[in-house]
Amino acid sequence: MTILSQMTASQQAEFLAAMNAAGIVDPVARSAAADAKANPTLTQAAVTAAGDKTARDAAADAKANPTLTSAAIVAVGGDTTARASAADAKVNPVLTAASIAPSLSSAGLPVTYATPANTLRVRAAMARSDRDINVVVIGPSTVAGQQNVSPSTQGSAGLVPQIAARLNGMGINAGAENYYGDHGSWGTAQTFDNYKAGDSRITSTGTVGLTSVQTAGGNAIQLAAAGDSITYTPLTPVRKWRVRIYNDRAGRNLTASSGTGNIPVNSANPNSIQTAIIDSGSTGLNALTLTQASSATSASIILGVDAFDDTAGRRQISVHNLGISGARSARFSDNSNTLGGQIAMTKAIAPDYMYLADFPINDWRGSISVAVYQANLQAAIDAYLPICDLCIVLPLYDGDTGGLSSTQESFVTATRQVAMANGLPILDMRSRLVSFAKAQGIGFYETNGTVHPSPFGYGFLSSVYAEDIRKLYRGGI
């Protein structure tokens with residue numbers, strides 16, 4: 001547990017004593033026992049002697065990456081540095097462990113205050129074999145995937161798709177073929193064409209547009225005229241598609257096709273989110289096309305689409321991108337549209353775990369006070385905590401000088417305070433990046449950028465998220 005590494009010896013003793021008094025076994029011994037069981041070549045004594053994180057993660061990485069040995073990973077620097085290096089080298093062959101490891105902080109995985117109690121629901125979900133696990137990442141442009149180096153891949157190669165790729169690299173089935181709202185059109189003028197230009201997986205015919213319906217992930221997509229269509233072409237194999245449309249009236253009718261003919265998706269039960277599952281018939285790069293039906297009497301409003309592969313009982317961790325470029329903290333708890341808005345759509349996704357990431361960035365840029373931000377963050381926690389377990393992600397360093405950017409540390413402190421007051425885990429990305437200058441110096445940010453990560457930066461962030469998810473998947477905290 002990384003919380004121990006941040007305590008003095010006396011604090012550790014006090015903490016462990018409290019754990020034991022509460023009937024909770026020593027976390028180091030518990031993790032050692034679990035890893036010794038999972039990795040028969042390691043004994044409990046050997047794991048304990050080497051220390052909790054380092055030996056456990058070395059063993060896991062050696063298992064996931066056969067060319068790396070436990071000794072080699074420990075020697076490189078132990079926990080996160082070597083692990084991220086191994087993952088990056090595997091996902092991005094042009095990057096080597098040697099070139100990545102020296103560039104980043106050697107601190108352990110920066111998740112603190114995770115306990116059996118505040119991760120109970122997600123760990124229970126991870127243990128199930130009858131359904132997928134839903135992990136949601138919600139936040140502004142740094143979650144959506146905004147960047148300028150390769151603008152057509154903002155939707156397909158940003159943070160969330162890379163998290164899924166890294167989980168797959170760890171031997172954990174994962175997917176991120178999902179599309180929710182327009183993601184704020186990647187920080188440009190909000191139009192469907194600008195949204196489509198940022199995600200090469202999407203094509204359309206006719207006059208497809210955006211609506212004023214603000215759902216999870218941005219403004220919803222609209223098919224207005226008969227024959228208007230939108231096609232989603234996945235980059236990873238899928239078997240089924242889940243389509244959700246805004247169902248406030250009858251007559252919002254479209255057809256869905258994914259290799260099995262046209263299947264009607266009609267609004268039939270007003271005042272609900274209409275959901276349809278489209279089976280492609282086999283696993284592959286099966287595209288989905290949604291077309292406005294000639295029988296429609298109202299425009300069809302698409303709230304979200306996601307794909308998965310459940311062939312032969314396969315299950316996966318589905319990582320959902322609910323990022324909205326330009327969004328301030330208040331947007332993420334907006335419940336003004338109780339039918340298909342932010343909260344309603346998030347409930348429909350049914351997350352097991354949700355990362356609330358980088359919430360204050362656009363607040364400090366927009367001169368929103370710390371007090372107002374704290375209230376907004378608390379409102380989001382109040383909205384989402386009844387739905388699933390939460391983890392608060394401290395914001396990235398921002399090199400911008402506008403608004404209240406120079407006081408961003410006060411927002412970071414406020415974020416910690418709210419998270420701790422609610423007993424939630426904290427993922428501290430700032431401790432891994434060390435400083436804005438350090439992160440900028442190694443190419444974490446876009447060239448001449450101040451907050452949006454480069455493709456390398458998104459790769460690094462995804463490795464940290466993926467490792468936290470892996471630990472939960474394996475039953476640890």
# chains A, B, ... in the order shown; residues from 1 in each chain; ligands from 1
>>> select_by_dssp(residues="region 298-427 of chain A", states="strand (DSSP E)", output="PyMOL selection string")
chain A and resi 300-308+317-323+353-357+389-393+426-427
>>> write_last_selection(atoms="C-alpha atoms", output="mmCIF file, in the first residue's frame")
data_model
loop_
_atom_site.group_PDB
_atom_site.id
_atom_site.type_symbol
_atom_site.label_atom_id
_atom_site.label_comp_id
_atom_site.auth_asym_id
_atom_site.auth_seq_id
_atom_site.Cartn_x
_atom_site.Cartn_y
_atom_site.Cartn_z
ATOM 1 C CA SER A 300 -33.194 10.798 -33.287
ATOM 2 C CA ILE A 301 -30.840 11.901 -30.533
ATOM 3 C CA ILE A 302 -27.886 9.603 -29.870
ATOM 4 C CA LEU A 303 -26.631 9.834 -26.287
ATOM 5 C CA GLY A 304 -23.911 7.228 -26.548
ATOM 6 C CA VAL A 305 -22.622 4.131 -28.275
ATOM 7 C CA ASP A 306 -20.199 1.526 -26.968
ATOM 8 C CA ALA A 307 -18.940 -1.824 -28.215
ATOM 9 C CA PHE A 308 -17.665 -4.960 -26.515
ATOM 10 C CA ILE A 317 -12.902 -4.077 -18.412
ATOM 11 C CA SER A 318 -14.637 -1.420 -20.492
ATOM 12 C CA VAL A 319 -13.004 1.980 -19.997
ATOM 13 C CA HIS A 320 -15.398 4.820 -20.846
ATOM 14 C CA ASN A 321 -14.327 8.316 -21.923
ATOM 15 C CA LEU A 322 -16.606 11.002 -20.478
ATOM 16 C CA GLY A 323 -14.155 13.855 -21.045
ATOM 17 C CA TYR A 353 -15.342 2.692 -10.631
ATOM 18 C CA MET A 354 -15.013 6.317 -11.641
ATOM 19 C CA TYR A 355 -11.987 8.594 -11.812
ATOM 20 C CA LEU A 356 -12.836 12.274 -11.292
ATOM 21 C CA ALA A 357 -9.811 13.812 -13.004
ATOM 22 C CA ASP A 389 -16.689 3.730 -6.011
ATOM 23 C CA LEU A 390 -14.737 6.900 -6.796
ATOM 24 C CA CYS A 391 -11.105 7.959 -7.052
ATOM 25 C CA ILE A 392 -10.126 11.635 -7.104
ATOM 26 C CA VAL A 393 -7.284 12.456 -9.505
ATOM 27 C CA ILE A 426 -6.502 10.036 -4.272
ATOM 28 C CA LEU A 427 -4.440 9.508 -7.429
#
>>> residues_around(residues="Leu377 (chain A)", least_positions_apart="3", cutoff="8 Å", atoms="only C-alpha atoms", output="list in words")
Ser329, Ala330, Phe359, Tyr373, Gln374, Ala380, Ile381, Thr415 and Val418 of chain A
>>> write_last_selection(atoms="N, CA and C atoms", output="short mmCIF file (atom, residue, chain, number, x, y, z; two decimals), in the first residue's frame")
data_model
loop_
_atom_site.label_atom_id
_atom_site.label_comp_id
_atom_site.auth_asym_id
_atom_site.auth_seq_id
_atom_site.Cartn_x
_atom_site.Cartn_y
_atom_site.Cartn_z
N SER A 329 -15.85 22.54 -13.54
CA SER A 329 -16.27 21.54 -12.57
C SER A 329 -17.79 21.44 -12.44
N ALA A 330 -18.50 22.56 -12.56
CA ALA A 330 -19.95 22.54 -12.40
C ALA A 330 -20.63 21.66 -13.44
N PHE A 359 -10.47 18.15 -12.46
CA PHE A 359 -11.65 19.00 -12.40
C PHE A 359 -11.36 20.50 -12.32
N TYR A 373 -15.32 26.08 -6.50
CA TYR A 373 -14.82 24.81 -7.02
C TYR A 373 -15.03 23.68 -6.02
N GLN A 374 -14.70 23.92 -4.75
CA GLN A 374 -14.89 22.89 -3.74
C GLN A 374 -16.35 22.45 -3.66
N ALA A 380 -20.38 16.82 -7.25
CA ALA A 380 -20.11 15.68 -8.13
C ALA A 380 -19.97 14.40 -7.32
N ILE A 381 -19.26 14.48 -6.20
CA ILE A 381 -19.11 13.31 -5.34
C ILE A 381 -20.46 12.85 -4.82
N THR A 415 -8.76 20.16 -3.46
CA THR A 415 -9.14 18.85 -3.98
C THR A 415 -8.81 17.75 -2.98
N VAL A 418 -11.30 17.86 0.03
CA VAL A 418 -12.62 17.31 -0.26
C VAL A 418 -12.54 15.78 -0.36
#
>>> closest_residue(among="A:Val111, A:Val370, A:Ile277, A:Ile133", to="Ser431 (chain A)", atoms="only C-alpha atoms")
A:Val111
>>> closest_residue(among="A:Met429, A:Val243, A:Val208, A:Val238", to="Ser282 (chain A)", atoms="only C-alpha atoms")
A:Val238
>>> closest_residue(among="A:Gly187, A:Tyr465, A:Ala165, A:Gly155", to="Ser200 (chain A)", atoms="only C-alpha atoms")
A:Gly155
>>> residues_around(residues="Ala466 (chain A)", least_positions_apart="4", cutoff="9 Å", atoms="only C-alpha atoms", output="PyMOL selection string")
chain A and resi 162-167+170+461-462+470-471
>>> atom_distance(atom1="CA of Tyr195 (chain A)", atom2="CA of Ile343 (chain A)")
22.1 Å
